[in-house]
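Here's the structure we're looking at; comments come further down.
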2 protein chains.
Amino acid sequence: MSITSDILRGHTEAIILSHLLEQDSYGYQINKDIMKKTDNRCELKEATLYSAFRRLEQAGYIRTYWGDETVGARRRYYSITEEGRLAYQAYKRDWEEAKATIDQLLK
Amino acid sequence: MSITSDILRGHTEAIILSHLLEQDSYGYQINKDIMKKTDNRCELKEATLYSAFRRLEQAGYIRTYWGDETVGARRRYYSITEEGRLAYQAYKRDWEEAKATIDQLLK
DNA sequence: CAATATACCTCGTCTGTCAAGGTATATTTA
DNA sequence: TAAATATACCTTGACAGACGAGGTATATTG
């Protein structure tokens, strides 16, 4: 049983930001980590992930840089900005409130 | 502070079904009740509401009938079907699981 | 008698997700 | 050694649900 697209929607960016709070990371790794963390219940599809990265960068919530891999495929790393940290806190408050509201409605 | 469209998405149908579990009702009333219940934190816009009704009826989760108002505007009532009850239980399980999963990711 | 509340509805736009496709390098397997 | 798989990046176009803006009609209130 995995999380549906429609429920996922609206949380993708927060999930990514949360992950970047721990450490800088790159697309492929973030994807794997999230799946592992949730026992495959949450999978961000690649296209979803990359479009979220674009929005986050546009908003100034993340910054990117290329890794200096001398071997293997290149990696584009992402790191969270100060604005990103603030945005994450706001997302989290929204989530707590939305969760309580929905819980209240689904008796 | 109200619930965002993107978070609402995926819960609209469940919210309506939940409301119909209590009693048959009609669009305008359902809308008002949900806002009142949540202190205006959750507002289903009319267009959203009516498109959800259509999907729910299509799926066989609700049935509709016209009220017999002799005065005032006519009302189209909705009632939940047995399949609707089952679907609601499934929605609820999904929500419980999604909630736990998202909570796990937003530390 | 105009404004507001009750009550229904539709059309078209917007946005986030995702299936499907692509590129390139490294490792494992047959 | 050739093919398959894993790592790593990316884009395009389709799809579906939420909603703004618009419409209709009746009843009440100021």
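Residues in the structure tokens are named by chain (A, B, ... in the order shown) and by number from 1 within that chain; ligands are numbered from 1 in the order shown.
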For this session: Would you mind listing what lies within 7 Å of segment 3-5 of chain B as a list in words, with only C-alpha atoms (C1' of nucleotides) counted and same-chain residues fewer than 4 positions away left out?
Result: Ala98 of chain A; Arg9, Arg41 and Cys42 of chain B; DA18 of chain D
Take the residues from that selection and write them out as an mmCIF file, in the first residue's frame, keeping C-alpha atoms (C1' of nucleotides).
```
data_model
loop_
_atom_site.group_PDB
_atom_site.id
_atom_site.type_symbol
_atom_site.label_atom_id
_atom_site.label_comp_id
_atom_site.auth_asym_id
_atom_site.auth_seq_id
_atom_site.Cartn_x
_atom_site.Cartn_y
_atom_site.Cartn_z
ATOM 1 C CA ALA A 98 -4.325 20.436 8.097
ATOM 2 C CA ARG B 9 -6.845 17.420 -2.913
ATOM 3 C CA ARG B 41 -10.215 26.269 8.104
ATOM 4 C CA CYS B 42 -11.647 23.996 5.443
ATOM 5 C "C1'" DA D 18 -9.366 22.509 -7.372
#
```
After fit on chain A (all C-alpha, ordered pairs), chain B as a CSV table (one decimal) with C-alpha atoms, in the first residue's frame:
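Below you can see superposed19.csv, which holds the result:
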```
chain,number,residue,atom,x,y,z
B,1,MET,CA,0.0,0.0,0.0
B,2,SER,CA,1.6,3.3,-1.1
B,3,ILE,CA,0.6,6.9,-0.7
B,4,THR,CA,-1.6,8.3,-3.6
B,5,SER,CA,-0.5,11.1,-5.9
B,6,ASP,CA,-3.3,13.2,-4.7
B,7,ILE,CA,-2.4,12.9,-1.1
B,8,LEU,CA,1.3,13.3,-1.9
B,9,ARG,CA,0.5,16.5,-3.7
B,10,GLY,CA,1.3,19.5,-1.6
B,11,HIS,CA,3.9,17.6,0.5
B,12,THR,CA,6.5,16.9,-2.1
B,13,GLU,CA,8.4,20.2,-1.5
B,14,ALA,CA,8.2,19.8,2.3
B,15,ILE,CA,9.5,16.3,2.1
B,16,ILE,CA,12.5,17.4,0.0
B,17,LEU,CA,13.3,20.3,2.3
B,18,SER,CA,13.0,18.1,5.3
B,19,HIS,CA,15.5,15.7,3.8
B,20,LEU,CA,17.9,18.6,3.0
B,21,LEU,CA,17.8,19.8,6.6
B,22,GLU,CA,19.8,16.7,7.5
B,23,GLN,CA,22.4,17.1,4.8
B,24,ASP,CA,23.0,18.2,1.3
B,25,SER,CA,22.1,15.5,-1.2
B,26,TYR,CA,21.4,14.8,-4.8
B,27,GLY,CA,18.3,13.6,-6.7
B,28,TYR,CA,18.9,10.0,-7.0
B,29,GLN,CA,19.9,9.6,-3.4
B,30,ILE,CA,17.0,11.7,-2.1
B,31,ASN,CA,14.7,9.4,-4.0
B,32,LYS,CA,16.2,6.3,-2.6
B,33,ASP,CA,16.4,7.6,1.0
B,34,ILE,CA,12.8,8.6,1.0
B,35,MET,CA,11.7,5.2,-0.2
B,36,LYS,CA,13.9,3.5,2.3
B,37,LYS,CA,12.8,5.6,5.2
B,38,THR,CA,9.1,4.8,4.4
B,39,ASP,CA,9.5,1.2,3.5
B,40,ASN,CA,8.5,2.0,-0.1
B,41,ARG,CA,5.2,3.6,1.0
B,42,CYS,CA,6.3,7.0,-0.4
B,43,GLU,CA,8.0,7.1,-3.8
B,44,LEU,CA,8.6,10.4,-5.4
B,45,LYS,CA,8.7,9.7,-9.2
B,46,GLU,CA,11.7,11.3,-11.0
B,47,ALA,CA,9.6,13.7,-13.0
B,48,THR,CA,7.9,14.8,-9.8
B,49,LEU,CA,11.2,15.2,-8.0
B,50,TYR,CA,12.8,17.3,-10.7
B,51,SER,CA,9.9,19.6,-11.2
B,52,ALA,CA,9.8,20.2,-7.4
B,53,PHE,CA,13.6,21.0,-7.4
B,54,ARG,CA,12.9,23.6,-10.1
B,55,ARG,CA,10.2,25.2,-8.0
B,56,LEU,CA,12.2,25.1,-4.9
B,57,GLU,CA,15.2,26.7,-6.6
B,58,GLN,CA,13.0,29.3,-8.2
B,59,ALA,CA,11.6,30.2,-4.8
B,60,GLY,CA,15.1,30.5,-3.4
B,61,TYR,CA,14.6,27.6,-0.9
B,62,ILE,CA,17.4,25.5,-2.3
B,63,ARG,CA,20.7,26.1,-4.0
B,64,THR,CA,22.5,23.6,-6.3
B,65,TYR,CA,26.1,22.7,-7.1
B,66,TRP,CA,27.8,20.0,-9.0
B,67,GLY,CA,29.6,17.3,-7.1
B,68,ASP,CA,33.3,16.7,-7.9
B,69,GLU,CA,33.0,13.0,-8.7
B,70,THR,CA,36.1,11.9,-10.6
B,71,VAL,CA,34.5,8.5,-11.2
B,72,GLY,CA,30.9,7.5,-12.0
B,73,ALA,CA,28.1,9.7,-13.1
B,74,ARG,CA,28.1,13.4,-12.2
B,75,ARG,CA,25.8,14.4,-9.3
B,76,ARG,CA,23.9,17.6,-8.9
B,77,TYR,CA,23.8,18.4,-5.2
B,78,TYR,CA,21.1,20.5,-3.5
B,79,SER,CA,21.4,22.4,-0.2
B,80,ILE,CA,18.7,24.2,1.7
B,81,THR,CA,18.9,28.0,2.2
B,82,GLU,CA,17.9,30.1,5.2
B,83,GLU,CA,14.6,31.0,3.4
B,84,GLY,CA,14.2,27.3,2.8
B,85,ARG,CA,14.4,26.6,6.5
B,86,LEU,CA,11.8,29.2,7.2
B,87,ALA,CA,9.6,27.9,4.4
B,88,TYR,CA,9.9,24.4,5.9
B,89,GLN,CA,8.8,25.6,9.3
B,90,ALA,CA,5.7,27.2,7.7
B,91,TYR,CA,5.0,24.0,5.7
B,92,LYS,CA,5.2,22.1,8.9
B,93,ARG,CA,2.8,24.3,10.8
B,94,ASP,CA,0.4,24.0,7.8
B,95,TRP,CA,0.7,20.3,7.9
B,96,GLU,CA,-0.1,20.1,11.7
B,97,GLU,CA,-3.1,22.2,11.2
B,98,ALA,CA,-4.3,20.4,8.1
B,99,LYS,CA,-3.9,17.1,9.8
B,100,ALA,CA,-6.0,18.1,12.7
B,101,THR,CA,-8.6,19.5,10.5
B,102,ILE,CA,-8.9,16.4,8.3
B,103,ASP,CA,-8.9,14.2,11.3
B,104,GLN,CA,-11.8,16.1,12.6
B,105,LEU,CA,-13.7,15.6,9.4
B,106,LEU,CA,-13.0,11.9,8.9
B,107,LYS,CA,-14.6,10.5,12.0
```
Problem set entry | DSSP helix (DSSP H, G or I) residues within segment 10-106 of chain A, as a PyMOL selection string | chain A and resi 12-22+27-37+46-58+82-105
For this session: Select all residues from chain C having any atom no more than 10 Å from an atom of chain B (counting only C-alpha atoms (C1' of nucleotides), ignoring ligands), output as a ChimeraX atom specification.
Result: /C:6-10,15-16
Writer output for current selection, N, CA and C atoms (P, O5', C5', C4', C3', O3' and C1' of nucleotides), as a PDB file, in the first residue's frame:
```pdb
ATOM      1  P    DT C   6     -27.556  31.777   4.335  1.00  0.00           P
ATOM      2  O5'  DT C   6     -28.460  31.011   3.266  1.00  0.00           O
ATOM      3  C5'  DT C   6     -29.828  30.844   3.526  1.00  0.00           C
ATOM      4  C4'  DT C   6     -30.529  30.323   2.294  1.00  0.00           C
ATOM      5  C3'  DT C   6     -30.087  28.920   1.848  1.00  0.00           C
ATOM      6  O3'  DT C   6     -31.203  28.068   1.914  1.00  0.00           O
ATOM      7  C1'  DT C   6     -30.281  30.396   0.007  1.00  0.00           C
ATOM      8  P    DA C   7     -31.025  26.490   1.849  1.00  0.00           P
ATOM      9  O5'  DA C   7     -30.415  26.245   0.393  1.00  0.00           O
ATOM     10  C5'  DA C   7     -31.074  25.424  -0.527  1.00  0.00           C
ATOM     11  C4'  DA C   7     -30.588  25.650  -1.938  1.00  0.00           C
ATOM     12  C3'  DA C   7     -29.299  24.947  -2.386  1.00  0.00           C
ATOM     13  O3'  DA C   7     -29.497  23.571  -2.597  1.00  0.00           O
ATOM     14  C1'  DA C   7     -29.812  26.988  -3.576  1.00  0.00           C
ATOM     15  P    DC C   8     -28.243  22.690  -3.111  1.00  0.00           P
ATOM     16  O5'  DC C   8     -28.195  22.986  -4.682  1.00  0.00           O
ATOM     17  C5'  DC C   8     -29.235  22.493  -5.507  1.00  0.00           C
ATOM     18  C4'  DC C   8     -29.168  23.138  -6.869  1.00  0.00           C
ATOM     19  C3'  DC C   8     -27.982  22.716  -7.719  1.00  0.00           C
ATOM     20  O3'  DC C   8     -28.279  21.509  -8.382  1.00  0.00           O
ATOM     21  C1'  DC C   8     -28.420  25.052  -7.933  1.00  0.00           C
ATOM     22  P    DC C   9     -27.080  20.614  -8.891  1.00  0.00           P
ATOM     23  O5'  DC C   9     -26.402  21.467 -10.055  1.00  0.00           O
ATOM     24  C5'  DC C   9     -27.133  21.768 -11.236  1.00  0.00           C
ATOM     25  C4'  DC C   9     -26.332  22.746 -12.065  1.00  0.00           C
ATOM     26  C3'  DC C   9     -24.964  22.248 -12.519  1.00  0.00           C
ATOM     27  O3'  DC C   9     -25.107  21.557 -13.758  1.00  0.00           O
ATOM     28  C1'  DC C   9     -24.995  24.593 -11.978  1.00  0.00           C
ATOM     29  P    DT C  10     -23.804  20.979 -14.483  1.00  0.00           P
ATOM     30  O5'  DT C  10     -23.157  22.232 -15.242  1.00  0.00           O
ATOM     31  C5'  DT C  10     -23.955  23.066 -16.066  1.00  0.00           C
ATOM     32  C4'  DT C  10     -23.022  24.021 -16.813  1.00  0.00           C
ATOM     33  C3'  DT C  10     -21.814  23.325 -17.446  1.00  0.00           C
ATOM     34  O3'  DT C  10     -21.596  23.904 -18.731  1.00  0.00           O
ATOM     35  C1'  DT C  10     -21.067  24.997 -15.942  1.00  0.00           C
ATOM     36  P    DT C  15      -0.478  28.469 -12.153  1.00  0.00           P
ATOM     37  O5'  DT C  15      -0.214  27.138 -11.325  1.00  0.00           O
ATOM     38  C5'  DT C  15      -1.118  26.752 -10.313  1.00  0.00           C
ATOM     39  C4'  DT C  15      -0.909  25.286  -9.996  1.00  0.00           C
ATOM     40  C3'  DT C  15       0.555  24.841 -10.142  1.00  0.00           C
ATOM     41  O3'  DT C  15       0.884  24.088  -9.002  1.00  0.00           O
ATOM     42  C1'  DT C  15      -0.867  23.393 -11.345  1.00  0.00           C
ATOM     43  P    DG C  16       2.432  23.899  -8.545  1.00  0.00           P
ATOM     44  O5'  DG C  16       2.447  22.378  -8.063  1.00  0.00           O
ATOM     45  C5'  DG C  16       1.364  21.864  -7.307  1.00  0.00           C
ATOM     46  C4'  DG C  16       1.238  20.381  -7.551  1.00  0.00           C
ATOM     47  C3'  DG C  16       2.569  19.623  -7.576  1.00  0.00           C
ATOM     48  O3'  DG C  16       2.362  18.410  -6.871  1.00  0.00           O
ATOM     49  C1'  DG C  16       1.418  19.278  -9.613  1.00  0.00           C
TER      50       DG C  16
END
```
For this session: Go through chain A and collect every residue that DSSP, computed from the backbone, puts in strand (DSSP E or B); the answer should be as a list in words.
Result: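 Listing strand (DSSP E or B) positions across chain A yields Ser25, Tyr26, Ile62, Arg63, Thr64, Tyr65, Trp66, Arg76, Tyr77, Tyr78, Ser79 and Ile80 of chain A.
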Expected file contents, prior selection, C-alpha atoms, as an mmCIF file, in the first residue's frame:
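Output file result.cif follows:
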```cif
data_model
loop_
_atom_site.group_PDB
_atom_site.id
_atom_site.type_symbol
_atom_site.label_atom_id
_atom_site.label_comp_id
_atom_site.auth_asym_id
_atom_site.auth_seq_id
_atom_site.Cartn_x
_atom_site.Cartn_y
_atom_site.Cartn_z
ATOM 1 C CA SER A 25 22.099 15.490 -1.175
ATOM 2 C CA TYR A 26 21.373 14.766 -4.833
ATOM 3 C CA ILE A 62 17.392 25.532 -2.257
ATOM 4 C CA ARG A 63 20.709 26.093 -4.018
ATOM 5 C CA THR A 64 22.496 23.617 -6.265
ATOM 6 C CA TYR A 65 26.073 22.745 -7.118
ATOM 7 C CA TRP A 66 27.802 19.982 -9.042
ATOM 8 C CA ARG A 76 23.918 17.645 -8.863
ATOM 9 C CA TYR A 77 23.757 18.424 -5.170
ATOM 10 C CA TYR A 78 21.093 20.476 -3.464
ATOM 11 C CA SER A 79 21.369 22.435 -0.251
ATOM 12 C CA ILE A 80 18.676 24.232 1.713
#
```
Problem set entry | Between atom C1' of DA8 of chain D and atom C1' of DG22 of chain C, distance in Å (one decimal) |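 Going from atom C1' of DA8 of chain D over to atom C1' of DG22 of chain C covers 13.3 Å.
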For this session: Would you work out the distance separating atom C1' of DT23 of chain C from atom C1' of DT1 of chain D, expressed in Å to one decimal?
Result: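 Distance between the two atoms: 23.7 Å.
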For this session: Pick out the chain D residues within 9 Å of chain A. Count only C-alpha atoms (C1' of nucleotides). Give them as an MDAnalysis selection string.
Result: chainID D and resid 7:11 17
If you keep C-alpha atoms (C1' of nucleotides), can you produce a file of those selected residues as a CSV table (one decimal), in the first residue's frame?
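Output file out_18.csv follows:
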```
chain,number,residue,atom,x,y,z
D,7,DT,C1',23.8,4.8,-11.0
D,8,DA,C1',22.9,9.5,-12.3
D,9,DC,C1',20.9,13.2,-14.9
D,10,DC,C1',16.9,15.4,-17.7
D,11,DT,C1',12.5,16.8,-20.8
D,17,DG,C1',-8.7,17.8,-9.4
```
